[in-house]
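Asker: Contents of my_file_22.txt (compact mmCIF, C-alpha atoms) are given next:
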```
# COMPACT_ATOMS: atom_id res chain seq x y z
CA MET A 1 0.00 0.00 0.00
CA HIS A 2 1.28 3.46 -0.92
CA VAL A 3 0.34 6.29 1.44
CA THR A 4 1.09 9.98 0.84
CA ALA A 5 0.16 13.21 2.61
CA HIS A 6 -0.11 16.53 0.76
CA LEU A 7 -0.42 19.82 2.67
CA ASP A 8 -2.06 22.92 1.28
CA LEU A 9 0.42 24.98 3.33
CA ASP A 10 3.66 23.51 4.66
CA VAL A 11 4.82 26.88 6.05
CA VAL A 12 3.14 28.61 9.03
CA PRO A 13 3.90 31.99 10.63
CA LEU A 14 5.72 32.30 13.95
CA ASP A 15 3.54 33.10 16.98
CA GLN A 16 0.30 33.02 14.95
CA GLN A 17 -2.56 30.54 14.94
CA ASP A 18 -3.10 28.86 11.58
CA GLU A 19 -4.76 25.85 10.01
CA VAL A 20 -3.45 23.23 7.59
CA THR A 21 -5.47 21.07 5.22
CA VAL A 22 -4.01 17.63 4.55
CA LEU A 23 -4.90 15.42 1.59
CA VAL A 24 -4.13 11.77 2.37
CA GLN A 25 -3.98 9.45 -0.61
CA VAL A 26 -3.86 5.66 -0.31
CA THR A 27 -3.25 3.49 -3.38
CA ALA A 28 -3.61 -0.28 -3.34
CA PRO A 29 -1.17 -2.40 -5.37
CA ARG A 30 -2.01 -4.52 -8.39
CA PRO A 31 -1.07 -8.15 -7.71
CA GLU A 32 0.92 -10.22 -10.17
CA ALA A 33 -1.25 -11.68 -12.92
CA SER A 34 -0.22 -15.18 -11.87
CA ALA A 35 -1.06 -14.61 -8.21
CA SER A 36 -3.86 -16.79 -6.91
CA ARG A 37 -6.62 -15.31 -4.77
CA ARG A 38 -8.16 -16.64 -1.61
CA PRO A 39 -11.75 -17.88 -1.93
CA ALA A 40 -14.16 -15.00 -1.38
CA THR A 41 -17.25 -14.96 0.84
CA LEU A 42 -20.28 -13.06 -0.47
CA GLN A 43 -23.48 -12.87 1.55
CA VAL A 44 -26.51 -11.38 -0.22
CA VAL A 45 -29.47 -10.10 1.80
CA LEU A 46 -32.36 -9.47 -0.57
CA ASP A 47 -35.67 -7.69 0.04
CA ARG A 48 -38.52 -9.72 -1.43
CA SER A 49 -41.37 -7.75 0.14
CA GLY A 50 -44.47 -6.93 -1.90
CA SER A 51 -42.97 -3.67 -3.18
CA MET A 52 -40.30 -5.67 -5.05
CA ALA A 53 -42.93 -6.76 -7.59
CA ALA A 54 -43.31 -4.91 -10.91
CA GLY A 55 -39.98 -6.09 -12.23
CA ARG A 56 -37.65 -5.14 -9.36
CA LEU A 57 -37.28 -8.61 -7.90
CA ALA A 58 -36.91 -10.05 -11.41
CA GLY A 59 -34.11 -7.57 -12.14
CA ALA A 60 -32.31 -8.50 -8.93
CA GLN A 61 -32.71 -12.19 -9.77
CA ARG A 62 -31.10 -11.71 -13.19
CA ALA A 63 -28.17 -9.91 -11.58
CA LEU A 64 -27.73 -12.61 -8.91
CA LEU A 65 -27.84 -15.40 -11.51
CA ALA A 66 -25.04 -13.68 -13.42
CA LEU A 67 -23.18 -13.17 -10.15
CA VAL A 68 -23.25 -16.89 -9.36
CA ASP A 69 -21.85 -17.67 -12.81
CA ARG A 70 -18.87 -15.40 -12.17
CA LEU A 71 -17.90 -16.81 -8.78
CA ASP A 72 -15.61 -19.82 -8.46
CA PRO A 73 -16.88 -23.11 -6.98
CA ALA A 74 -14.50 -22.53 -4.06
CA ASP A 75 -16.06 -19.15 -3.25
CA ASP A 76 -18.63 -19.00 -0.46
CA PHE A 77 -22.03 -17.64 -1.43
CA GLY A 78 -25.15 -17.26 0.66
CA LEU A 79 -28.60 -15.78 0.19
CA VAL A 80 -30.96 -14.50 2.87
CA THR A 81 -34.26 -12.97 1.82
CA PHE A 82 -36.69 -11.02 3.95
CA GLU A 83 -40.28 -9.83 3.95
CA ASP A 84 -42.33 -10.31 7.16
CA THR A 85 -39.48 -12.54 8.37
CA ALA A 86 -36.00 -13.51 7.23
CA VAL A 87 -35.30 -16.81 5.48
CA VAL A 88 -31.97 -18.47 4.68
CA ASN A 89 -32.62 -19.54 1.09
CA VAL A 90 -29.02 -20.55 0.36
CA PRO A 91 -26.88 -21.41 3.42
CA THR A 92 -23.52 -19.69 2.98
CA GLY A 93 -20.91 -22.10 1.70
CA PRO A 94 -18.85 -23.12 -1.35
CA LEU A 95 -20.60 -22.89 -4.71
CA THR A 96 -20.15 -26.55 -5.52
CA ASP A 97 -23.65 -26.84 -7.02
CA LYS A 98 -24.29 -23.67 -8.97
CA ARG A 99 -27.30 -25.15 -10.75
CA ALA A 100 -29.13 -25.74 -7.47
CA VAL A 101 -28.31 -22.24 -6.20
CA LYS A 102 -29.52 -20.65 -9.45
CA HIS A 103 -32.74 -22.63 -9.22
CA VAL A 104 -33.39 -21.24 -5.73
CA ILE A 105 -32.77 -17.69 -6.96
CA ALA A 106 -35.04 -18.14 -9.98
CA GLU A 107 -37.91 -19.40 -7.81
CA LEU A 108 -38.03 -16.36 -5.50
CA ARG A 109 -41.37 -14.53 -5.34
CA PRO A 110 -42.37 -11.20 -3.70
CA GLY A 111 -44.16 -11.43 -0.34
CA GLY A 112 -45.38 -9.10 2.41
CA SER A 113 -43.91 -6.32 4.57
CA THR A 114 -40.28 -5.22 5.07
CA ASP A 115 -38.44 -6.52 8.14
CA LEU A 116 -35.03 -5.31 7.03
CA SER A 117 -33.42 -5.68 10.45
CA SER A 118 -34.15 -9.42 10.57
CA GLY A 119 -32.65 -9.86 7.12
CA LEU A 120 -29.53 -7.93 8.05
CA LEU A 121 -29.03 -9.77 11.34
CA ARG A 122 -29.53 -13.18 9.74
CA GLY A 123 -27.18 -12.29 6.89
CA VAL A 124 -24.49 -11.19 9.33
CA GLN A 125 -24.82 -14.48 11.22
CA GLU A 126 -24.40 -16.48 8.03
CA ALA A 127 -21.41 -14.41 6.91
CA HIS A 128 -19.69 -14.94 10.28
CA ARG A 129 -20.40 -18.66 10.26
CA ALA A 130 -18.97 -19.22 6.79
CA SER A 131 -15.96 -16.88 6.88
CA GLY A 132 -14.66 -17.85 10.29
CA GLY A 133 -13.21 -14.36 10.79
CA THR A 134 -11.24 -14.33 7.52
CA GLY A 135 -13.42 -11.61 6.01
CA ALA A 136 -16.70 -11.47 4.10
CA ALA A 137 -18.72 -9.04 2.00
CA LEU A 138 -22.42 -8.53 2.65
CA LEU A 139 -24.64 -6.90 0.02
CA LEU A 140 -28.02 -5.66 1.27
CA ILE A 141 -30.58 -4.93 -1.48
CA SER A 142 -33.88 -3.21 -0.64
CA ASP A 143 -36.43 -0.98 -2.38
CA GLY A 144 -38.60 0.05 0.57
CA HIS A 145 -38.80 1.64 4.00
CA ALA A 146 -38.28 -0.84 6.82
CA ASN A 147 -41.67 -1.15 8.53
CA LEU A 148 -41.19 -4.16 10.81
CA GLY A 149 -38.55 -4.99 13.39
CA THR A 150 -35.85 -2.41 14.20
CA THR A 151 -36.04 0.63 11.91
CA ASP A 152 -33.70 3.07 13.71
CA PRO A 153 -30.77 4.02 11.39
CA VAL A 154 -28.41 4.44 14.35
CA LYS A 155 -29.14 0.97 15.76
CA LEU A 156 -28.87 -0.75 12.38
CA GLY A 157 -25.67 1.14 11.68
CA GLN A 158 -24.33 -0.23 14.96
CA VAL A 159 -25.25 -3.76 13.85
CA ALA A 160 -23.21 -3.27 10.69
CA MET A 161 -20.36 -1.71 12.68
CA ALA A 162 -20.22 -4.68 15.05
CA ALA A 163 -20.15 -7.00 12.04
CA HIS A 164 -17.32 -5.00 10.49
CA ARG A 165 -15.25 -5.40 13.65
CA GLN A 166 -15.48 -9.14 13.00
CA GLY A 167 -14.50 -8.88 9.33
CA VAL A 168 -17.81 -8.36 7.50
CA THR A 169 -17.98 -5.35 5.16
CA THR A 170 -21.55 -4.25 4.37
CA THR A 171 -22.62 -2.47 1.18
CA THR A 172 -26.21 -1.35 0.59
CA LEU A 173 -28.08 -1.01 -2.69
CA GLY A 174 -31.17 1.19 -2.55
CA TYR A 175 -33.51 0.17 -5.34
CA GLY A 176 -36.08 2.55 -6.87
CA LEU A 177 -37.29 5.82 -5.33
CA ASP A 178 -39.08 4.70 -2.16
CA TYR A 179 -36.30 3.29 0.02
CA ASP A 180 -34.97 5.11 3.09
CA GLU A 181 -31.66 6.64 1.96
CA GLU A 182 -30.69 7.74 5.48
CA LEU A 183 -31.13 4.19 6.78
CA MET A 184 -29.21 2.56 3.93
CA ALA A 185 -26.34 5.07 4.20
CA ALA A 186 -26.12 4.51 7.96
CA ILE A 187 -25.81 0.75 7.47
CA ALA A 188 -23.16 1.19 4.78
CA ASP A 189 -21.19 3.57 6.98
CA GLY A 190 -21.34 1.19 9.93
CA GLY A 191 -20.18 -1.64 7.68
CA ALA A 192 -17.43 0.45 5.98
CA GLY A 193 -18.97 -0.23 2.57
CA SER A 194 -20.74 1.72 -0.18
CA ALA A 195 -24.26 3.14 -0.26
CA LEU A 196 -25.42 2.55 -3.84
CA HIS A 197 -28.55 3.80 -5.62
CA ALA A 198 -30.26 2.18 -8.60
CA ALA A 199 -33.38 3.67 -10.12
CA ASP A 200 -34.06 0.69 -12.41
CA PRO A 201 -33.24 -3.02 -12.81
CA ASP A 202 -30.50 -2.47 -15.41
CA THR A 203 -28.62 -0.05 -13.15
CA ALA A 204 -29.06 -2.41 -10.20
CA GLY A 205 -27.53 -5.23 -12.27
CA GLN A 206 -24.54 -3.08 -13.22
CA LEU A 207 -23.93 -2.04 -9.61
CA ILE A 208 -24.19 -5.61 -8.33
CA ALA A 209 -21.70 -6.72 -10.99
CA GLY A 210 -19.37 -3.93 -9.93
CA GLU A 211 -19.47 -5.06 -6.32
CA VAL A 212 -18.52 -8.57 -7.43
CA ASP A 213 -15.63 -7.15 -9.47
CA GLY A 214 -14.38 -5.47 -6.32
CA LEU A 215 -14.82 -8.55 -4.17
CA LEU A 216 -12.82 -10.71 -6.58
CA THR A 217 -9.93 -8.22 -6.76
CA LYS A 218 -9.77 -7.32 -3.06
CA VAL A 219 -6.15 -6.93 -1.92
CA THR A 220 -6.57 -5.51 1.59
CA GLN A 221 -9.27 -5.50 4.23
CA ALA A 222 -10.00 -3.90 7.60
CA ALA A 223 -8.16 -0.71 6.64
CA SER A 224 -8.17 2.23 9.03
CA LEU A 225 -6.45 5.61 9.27
CA GLU A 226 -5.46 7.11 12.61
CA VAL A 227 -4.70 10.84 12.76
CA VAL A 228 -2.51 11.34 15.82
CA PRO A 229 -2.13 15.07 16.59
CA HIS A 230 1.14 16.29 18.08
CA HIS A 231 1.49 19.26 20.42
CA PRO A 232 0.53 22.05 19.85
CA VAL A 233 -2.24 20.80 17.49
CA THR A 234 -5.56 20.60 19.35
CA SER A 235 -8.20 20.01 16.68
CA VAL A 236 -8.65 17.42 13.91
CA LEU A 237 -11.53 17.65 11.43
CA LEU A 238 -12.32 14.91 8.90
CA TYR A 239 -14.17 15.95 5.76
CA GLY A 240 -17.04 13.89 4.38
CA GLU A 241 -18.38 12.67 7.75
CA LEU A 242 -16.29 9.51 7.44
CA PRO A 243 -17.16 6.79 9.97
CA SER A 244 -14.69 7.55 12.75
CA SER A 245 -13.97 7.33 16.45
CA ARG A 246 -12.24 9.67 18.89
CA LEU A 247 -9.48 7.93 20.83
CA PRO A 248 -7.66 9.08 23.99
CA GLY A 249 -5.21 11.92 23.43
CA GLY A 250 -7.22 13.46 20.59
CA THR A 251 -6.48 10.75 18.01
CA VAL A 252 -9.15 10.32 15.34
CA MET A 253 -9.53 6.86 13.75
CA ALA A 254 -11.39 6.60 10.43
CA GLU A 255 -12.65 3.28 9.05
CA LEU A 256 -11.75 2.82 5.37
CA GLY A 257 -12.93 -0.76 4.82
CA ASP A 258 -11.56 -2.89 1.97
CA PHE A 259 -9.33 -1.89 -0.94
CA TYR A 260 -9.39 -3.43 -4.40
CA ALA A 261 -6.46 -3.86 -6.78
CA GLY A 262 -5.24 -0.50 -8.06
CA GLU A 263 -7.85 1.46 -6.10
CA THR A 264 -6.98 4.96 -4.90
CA ARG A 265 -8.74 6.48 -1.91
CA LYS A 266 -8.54 10.09 -0.75
CA VAL A 267 -9.15 11.40 2.76
CA LEU A 268 -9.16 15.12 3.51
CA LEU A 269 -8.58 16.51 6.98
CA ARG A 270 -7.92 19.84 8.63
CA LEU A 271 -5.58 20.53 11.55
CA LEU A 272 -5.82 23.63 13.73
CA VAL A 273 -2.27 24.73 14.58
CA PRO A 274 -2.07 27.10 17.58
CA ALA A 275 0.67 29.72 17.70
CA VAL A 276 4.16 28.16 17.72
CA ALA A 277 6.85 30.15 19.51
CA ARG A 278 9.95 28.70 17.84
CA LEU A 279 11.27 28.67 14.30
CA GLY A 280 12.04 25.55 12.32
CA VAL A 281 10.44 22.27 11.33
CA VAL A 282 7.68 21.09 13.70
CA SER A 283 5.85 17.75 13.66
CA ILE A 284 2.13 18.49 13.93
CA ALA A 285 0.66 15.02 13.41
CA GLU A 286 1.31 11.41 12.52
CA LEU A 287 -0.82 9.36 10.15
CA VAL A 288 -1.04 5.66 11.00
CA PHE A 289 -2.55 3.49 8.28
CA ARG A 290 -3.36 -0.09 9.30
CA TYR A 291 -4.61 -2.87 7.05
CA VAL A 292 -4.68 -6.63 6.58
CA GLU A 293 -3.39 -8.16 3.35
CA ALA A 294 -6.27 -10.21 1.94
CA GLY A 295 -4.15 -13.01 0.49
CA THR A 296 -2.14 -13.84 3.60
CA LEU A 297 -4.19 -12.21 6.38
CA THR A 298 -0.98 -10.49 7.50
CA ALA A 299 -1.42 -7.19 9.35
CA TYR A 300 0.64 -4.16 8.31
CA THR A 301 1.13 -0.60 9.54
CA VAL A 302 2.33 2.39 7.51
CA THR A 303 3.24 5.59 9.35
CA VAL A 304 3.55 9.00 7.66
CA PRO A 305 4.72 12.11 9.58
CA VAL A 306 3.10 15.48 8.92
CA THR A 307 5.41 18.46 9.44
CA VAL A 308 5.36 22.21 8.85
CA ASN A 309 8.11 24.82 8.78
CA VAL A 310 7.59 27.71 11.21
CA VAL A 311 8.96 30.94 9.70
CA PRO A 312 8.77 34.70 10.47
CA GLY A 313 5.43 36.28 9.60
CA ASP A 314 6.80 38.32 6.69
CA VAL A 315 8.21 35.17 5.10
CA ALA A 316 4.96 33.26 5.59
CA ALA A 317 3.05 36.09 3.94
CA GLY A 318 4.55 35.10 0.59
CA ARG A 319 3.65 31.41 0.75
CA ALA A 320 1.68 29.81 -2.09
CA PRO A 321 -0.88 27.08 -1.32
CA ASP A 322 -0.89 23.69 -3.00
CA LEU A 323 -3.68 24.08 -5.54
CA THR A 324 -4.40 20.35 -5.73
CA VAL A 325 -5.24 20.28 -2.02
CA ARG A 326 -7.26 23.48 -2.24
CA ALA A 327 -9.25 22.07 -5.17
CA GLU A 328 -9.91 18.90 -3.18
CA ARG A 329 -11.26 21.01 -0.34
CA LEU A 330 -13.65 22.74 -2.77
CA PHE A 331 -14.69 19.35 -4.11
CA GLN A 332 -15.35 17.93 -0.64
CA GLU A 333 -17.33 20.99 0.42
CA ALA A 334 -19.53 20.47 -2.65
CA GLN A 335 -20.11 16.86 -1.59
CA ASP A 336 -21.19 18.04 1.84
CA ALA A 337 -23.68 20.37 0.14
CA LYS A 338 -25.17 17.34 -1.64
CA ARG A 339 -25.67 15.53 1.66
CA ARG A 340 -27.25 18.55 3.32
CA ALA A 341 -29.47 19.12 0.28
CA SER A 342 -30.65 15.51 0.51
CA ASP A 343 -31.49 16.08 4.17
CA ALA A 344 -33.43 19.20 3.24
CA LEU A 345 -35.40 17.36 0.56
CA LEU A 346 -36.30 14.62 3.02
CA ARG A 347 -37.73 17.35 5.26
CA GLY A 348 -39.64 18.78 2.29
CA ASP A 349 -37.49 21.93 2.18
CA VAL A 350 -37.07 22.23 -1.58
CA THR A 351 -36.09 25.91 -1.44
CA GLY A 352 -33.33 25.21 1.06
CA ALA A 353 -32.01 22.31 -1.02
CA GLU A 354 -31.94 24.41 -4.18
CA ARG A 355 -30.05 27.15 -2.35
CA LEU A 356 -27.42 24.72 -1.05
CA LEU A 357 -26.89 23.15 -4.46
CA ARG A 358 -26.68 26.44 -6.38
CA THR A 359 -24.31 27.99 -3.84
CA ALA A 360 -22.02 24.95 -3.99
CA GLY A 361 -21.98 25.19 -7.79
CA ASP A 362 -21.10 28.89 -7.62
CA GLU A 363 -18.21 28.19 -5.21
CA LEU A 364 -16.84 25.50 -7.50
CA GLU A 365 -17.06 27.84 -10.47
CA LYS A 366 -14.69 30.25 -8.70
CA GLY A 367 -12.04 27.52 -8.76
CA LEU A 368 -12.18 26.81 -12.49
CA SER A 369 -9.50 29.38 -13.29
CA TRP A 370 -6.87 27.81 -11.04
CA ALA A 371 -7.83 24.19 -10.24
CA PRO A 372 -5.41 21.59 -11.69
CA ASP A 373 -8.38 19.46 -12.83
CA ALA A 374 -10.96 21.97 -14.01
CA ALA A 375 -12.81 19.25 -15.95
CA GLU A 376 -13.69 17.45 -12.72
CA LEU A 377 -15.03 20.63 -11.15
CA THR A 378 -16.98 21.43 -14.31
CA ALA A 379 -18.69 18.03 -14.16
CA GLU A 380 -19.58 18.64 -10.51
CA ILE A 381 -20.98 22.08 -11.31
CA GLU A 382 -23.20 20.63 -14.03
CA GLU A 383 -24.45 17.93 -11.66
CA LEU A 384 -25.16 20.38 -8.83
CA ARG A 385 -27.10 22.69 -11.14
CA ARG A 386 -29.06 19.79 -12.58
CA TYR A 387 -30.00 18.68 -9.05
CA ALA A 388 -31.03 22.24 -8.17
CA ARG A 389 -33.15 22.48 -11.31
CA ASP A 390 -34.86 19.11 -10.74
CA SER A 391 -35.41 19.34 -6.98
CA ALA A 392 -38.93 20.71 -7.17
CA VAL A 393 -40.20 18.27 -9.80
CA ASP A 394 -38.32 15.08 -8.89
CA ARG A 395 -37.55 15.43 -5.19
CA LYS A 396 -37.19 11.72 -4.37
CA ARG A 397 -34.77 11.01 -7.21
CA VAL A 398 -32.60 14.05 -6.49
CA SER A 399 -32.44 13.24 -2.78
CA LYS A 400 -31.29 9.68 -3.45
CA GLU A 401 -28.85 10.52 -6.24
CA ALA A 402 -27.31 13.36 -4.26
CA ARG A 403 -26.82 11.24 -1.15
CA ALA A 404 -25.40 8.31 -3.13
CA GLY A 405 -23.05 10.68 -4.95
CA TRP A 406 -21.86 12.21 -1.67
CA HIS A 407 -21.25 8.77 -0.19
CA ARG A 408 -19.35 7.49 -3.23
CA ALA A 409 -17.17 10.61 -3.54
CA THR A 410 -16.21 10.78 0.14
CA ARG A 411 -15.57 7.07 0.77
CA LYS A 412 -14.58 5.31 -2.45
CA ARG A 413 -13.15 7.54 -5.13
CA GLY A 414 -10.23 6.59 -7.35
CA ARG A 415 -8.57 9.55 -9.02
CA PRO A 416 -5.18 10.33 -10.60
CA ALA A 417 -2.37 10.95 -8.15
CA PRO A 418 -1.33 14.58 -7.52
CA GLY A 419 2.19 15.81 -8.10
CA PRO A 420 5.13 15.50 -5.65
CA SER A 421 4.10 15.49 -2.02
CA SER A 422 5.59 17.24 0.95
CA ASN A 423 5.16 14.20 3.21
CA GLU A 424 5.32 10.67 1.82
CA SER A 425 5.93 7.05 2.73
```
Can the structure from this file be put into structure tokens for me?
Answerer:
Amino acid sequence: MHVTAHLDLDVVPLDQQDEVTVLVQVTAPRPEASASRRPATLQVVLDRSGSMAAGRLAGAQRALLALVDRLDPADDFGLVTFEDTAVVNVPTGPLTDKRAVKHVIAELRPGGSTDLSSGLLRGVQEAHRASGGTGAALLLISDGHANLGTTDPVKLGQVAMAAHRQGVTTTTLGYGLDYDEELMAAIADGGAGSALHAADPDTAGQLIAGEVDGLLTKVTQAASLEVVPHHPVTSVLLYGELPSSRLPGGTVMAELGDFYAGETRKVLLRLLVPAVARLGVVSIAELVFRYVEAGTLTAYTVTVPVTVNVVPGDVAAGRAPDLTVRAERLFQEAQDAKRRASDALLRGDVTGAERLLRTAGDELEKGLSWAPDAAELTAEIEELRRYARDSAVDRKRVSKEARAGWHRATRKRGRPAPGPSSNES
């Protein structure tokens, strides 16, 4: 794993409070073509409540049939479905009889209400039983609001978080325009996975196939990033509302989940640097990246120091910021506007959502003249303005697309590497 840290400002003025934005980039390696992979464990939890009729269940079935074809006989696969209750349709285990598994999938029919919590809990149990702590992926697919069992996003997010601590990564796929996007995002965050949105069966099939691609090329799992502040730093802020915990001493630990071959992940954080009374290089933080290699289950740690140079105020006045980091900050602030706009739409505040989206687009436009990747910002501006335009007439779709876009861009986003870094390991 390759970990780098890029600072927007690596020079701070003597005896003056300042802040530093740090762009952390983690890139997973590509294994040798001849390298064999460990058998994967995939647990699917599928909503088959009555709302999954009208082609949605059939679309999911087609995607799952194709999924089974792509897995190896040695891979573990399991299927739990839920309506009023949860049922283990395919006990999780090696795919030694694909024909029988495909027959079970093809025979599924929509049923009653939506007890999502029972499906999730039963799926987690199956994933634990089959993987034995070596890691598993759980894919939860639902098109409706949970209306039986536990429906609290916080509690279900905690279920997924507890499962992640035992090696199960949970991704959610919200299907259609009636599912609860807050609930599905909370579960994905707890499980350190993705919160996906599919408006139609074809898109759902593509997203399910993409998750399988990732599962079959997974190179690391249980990745986390600890930001350990050094005196005099007193404040650490993570952008994107990443799933994180505050540890003793001010350390912030973010859960990054699994990495796939060649994947690049970016994490943006801000450090408040109080006035420093001495000149010279000062260590303001340490980044500790921990992960487990998927092939060998060997644990590794990569440590990257973050330093700044304290100089006289007149010298610091002439400093030039790293434009790549500044552009990333603009980008991340736009993602936060998407999330807040989705919240506003869920409350029925269309005017507030439109204002957030248009303002974010205007702020991005100011960066077009200097951002290293103006094309990326341009695409974001167009998306934000489209969401603002459509909010009043297609509120449900905009809310779901905006939240899914925020989640994807702040948790799993591969992008080209920036130029030379000031701190690297």
Asker: Do you know which residues are at most 9 Å from Asp336 (chain A) counting only C-alpha atoms, after dropping those on the same chain fewer than 2 positions away, and could you put them as number ranges by chain?
Answerer: A: 239-241, 331-334, 338-341, 406, 410
Asker: Just checking: using all atoms listed in the file, which residue out of A:Glu263, A:Glu363, A:Glu354, A:Asp343 ends up closest to Tyr387 (chain A)?
Answerer: A:Glu354
Asker: The residues within 12 Å of (-11.4, 3.4, 9.0), using all atoms listed in the file and the coordinates of the file, should be reported as a ChimeraX atom specification; which are they?
Answerer: /A:161,164-165,169,189-193,221-227,238,241-246,252-259,265,267,288-291,411
Asker: For a quick check of understanding, using only C-alpha atoms, which of A:Ala127, A:Leu269, A:Met52, A:Leu120 has the smallest distance to Lys155 (chain A)?
Answerer: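 So, comparing all the options, the nearest one is A:Leu120.
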Asker: Could you give me, as JSON lines, a per-residue list for region 321-361 of chain A showing, wherever an atom lies at most 9 Å from an atom of region 373-381 of chain A, the closest pair of atoms and their distance in Å to one decimal, using only C-alpha atoms and sorting by chain then residue number from low to high?
Answerer:
```
{"residue": "A:Thr324", "atom": "CA", "partner": "A:Asp373", "partner_atom": "CA", "distance": 8.2}
{"residue": "A:Ala327", "atom": "CA", "partner": "A:Asp373", "partner_atom": "CA", "distance": 8.1}
{"residue": "A:Leu330", "atom": "CA", "partner": "A:Leu377", "partner_atom": "CA", "distance": 8.8}
{"residue": "A:Phe331", "atom": "CA", "partner": "A:Leu377", "partner_atom": "CA", "distance": 7.2}
{"residue": "A:Ala334", "atom": "CA", "partner": "A:Glu380", "partner_atom": "CA", "distance": 8.1}
{"residue": "A:Arg358", "atom": "CA", "partner": "A:Ile381", "partner_atom": "CA", "distance": 8.7}
{"residue": "A:Ala360", "atom": "CA", "partner": "A:Ile381", "partner_atom": "CA", "distance": 7.9}
{"residue": "A:Gly361", "atom": "CA", "partner": "A:Ile381", "partner_atom": "CA", "distance": 4.8}
```
Asker: When you look at Ala60 (chain A) with a cut-off of 12 Å (counting only C-alpha atoms), what residues show up, excluding the ones that are within fewer than 6 positions of it in the same chain? I need them as a VMD selection string.
Answerer: chain A and resid 44 to 48 52 to 54 66 to 67 81 105 to 106 108 to 110 139 to 143 173 to 176 198 200 to 209
Asker: Which distance in Å separates CA of Asp72 (chain A) and CA of Asn89 (chain A), to one decimal?
Answerer: 19.5 Å
Asker: Of the candidates A:Asp394, A:Glu286, A:Glu293, A:Asp180, which shows the shortest atom-to-atom distance to Val24 (chain A), using only C-alpha atoms?
Answerer: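 Of A:Asp394, A:Glu286, A:Glu293, A:Asp180, the one nearest Val24 (chain A) is A:Glu286, counting only C-alpha atoms.
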Asker: In Å to one decimal, how far is CA of Val292 (chain A) from CA of Arg129 (chain A)?
Answerer: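 The value is 20.1 Å.
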Asker: Excluding Thr217 (chain A) and residues on its chain fewer than 5 positions from it, collect all residues at most 9 Å away from it, counting only C-alpha atoms, and give them as a PDB file with C-alpha atoms, in the frame of the given file.
Answerer:
```pdb
ATOM      1  CA  ARG A  30      -2.010  -4.520  -8.390  1.00  0.00           C
ATOM      2  CA  PRO A  31      -1.070  -8.150  -7.710  1.00  0.00           C
ATOM      3  CA  ARG A  37      -6.620 -15.310  -4.770  1.00  0.00           C
ATOM      4  CA  VAL A 212     -18.520  -8.570  -7.430  1.00  0.00           C
ATOM      5  CA  PHE A 259      -9.330  -1.890  -0.940  1.00  0.00           C
ATOM      6  CA  TYR A 260      -9.390  -3.430  -4.400  1.00  0.00           C
ATOM      7  CA  ALA A 261      -6.460  -3.860  -6.780  1.00  0.00           C
TER       8      ALA A 261
END
```
Asker: Could you please determine the separation between CA of Leu215 (chain A) and CA of Thr96 (chain A) in Å, to one decimal place?
Answerer: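 A separation of 18.8 Å between them.
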Asker: Give the answer as one residue: which of A:Ser399, A:Thr296, A:Gln61, A:Thr21 has the shortest atom-to-atom distance to Ser342 (chain A), using all atoms listed in the file?
Answerer: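 Of all the options, A:Ser399 lies closest to Ser342 (chain A).
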Asker: Please determine, counting only C-alpha atoms, which residue among A:Ala199, A:Leu384, A:Ala402, A:Leu79 has the shortest atom-to-atom distance to Ala185 (chain A).
Answerer: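 Among A:Ala199, A:Leu384, A:Ala402, A:Leu79, it is A:Ala402 that comes nearest to Ala185 (chain A).
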Asker: Nearest residue to Thr92 (chain A) out of A:Lys266, A:His128, A:His231, A:Arg62, using all atoms listed in the file?
Answerer: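 Ranking A:Lys266, A:His128, A:His231, A:Arg62 by distance to Thr92 (chain A), first place goes to A:His128.
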Asker: Can you list, as a PyMOL selection string, every protein, DNA or RNA residue that comes within 10 Å of Pro39 (chain A) when you count all atoms listed in the file, leaving out same-chain residues fewer than 6 positions away?
Answerer: chain A and resi 71-76+94+131+216+295
Asker: Just the residues within 6 Å of region 145-148 of chain A, please, counting only C-alpha atoms, with nothing from its chain fewer than 5 positions along; format it as a VMD selection string.
Answerer: chain A and resid 114 to 116 179 to 180
Asker: Please return as a list in words every residue within 12 Å of (-37.4, 25.9, -3.3), taking into account all atoms listed in the file and the file's own coordinates.
Answerer: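 Output of the proximity query reads Ala341, Ala344, Leu345, Gly348, Asp349, Val350, Thr351, Gly352, Ala353, Glu354, Arg355, Leu356, Leu357, Arg358, Tyr387, Ala388, Arg389, Asp390, Ser391, Ala392, Val393 and Arg395 of chain A.
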Asker: Kindly export the residues of the current selection with C-alpha atoms, as an mmCIF file, in the frame of the given file.
Answerer:
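File produced: out35.cif:
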```cif
data_model
loop_
_atom_site.group_PDB
_atom_site.id
_atom_site.type_symbol
_atom_site.label_atom_id
_atom_site.label_comp_id
_atom_site.auth_asym_id
_atom_site.auth_seq_id
_atom_site.Cartn_x
_atom_site.Cartn_y
_atom_site.Cartn_z
ATOM 1 C CA ALA A 341 -29.470 19.120 0.280
ATOM 2 C CA ALA A 344 -33.430 19.200 3.240
ATOM 3 C CA LEU A 345 -35.400 17.360 0.560
ATOM 4 C CA GLY A 348 -39.640 18.780 2.290
ATOM 5 C CA ASP A 349 -37.490 21.930 2.180
ATOM 6 C CA VAL A 350 -37.070 22.230 -1.580
ATOM 7 C CA THR A 351 -36.090 25.910 -1.440
ATOM 8 C CA GLY A 352 -33.330 25.210 1.060
ATOM 9 C CA ALA A 353 -32.010 22.310 -1.020
ATOM 10 C CA GLU A 354 -31.940 24.410 -4.180
ATOM 11 C CA ARG A 355 -30.050 27.150 -2.350
ATOM 12 C CA LEU A 356 -27.420 24.720 -1.050
ATOM 13 C CA LEU A 357 -26.890 23.150 -4.460
ATOM 14 C CA ARG A 358 -26.680 26.440 -6.380
ATOM 15 C CA TYR A 387 -30.000 18.680 -9.050
ATOM 16 C CA ALA A 388 -31.030 22.240 -8.170
ATOM 17 C CA ARG A 389 -33.150 22.480 -11.310
ATOM 18 C CA ASP A 390 -34.860 19.110 -10.740
ATOM 19 C CA SER A 391 -35.410 19.340 -6.980
ATOM 20 C CA ALA A 392 -38.930 20.710 -7.170
ATOM 21 C CA VAL A 393 -40.200 18.270 -9.800
ATOM 22 C CA ARG A 395 -37.550 15.430 -5.190
#
```
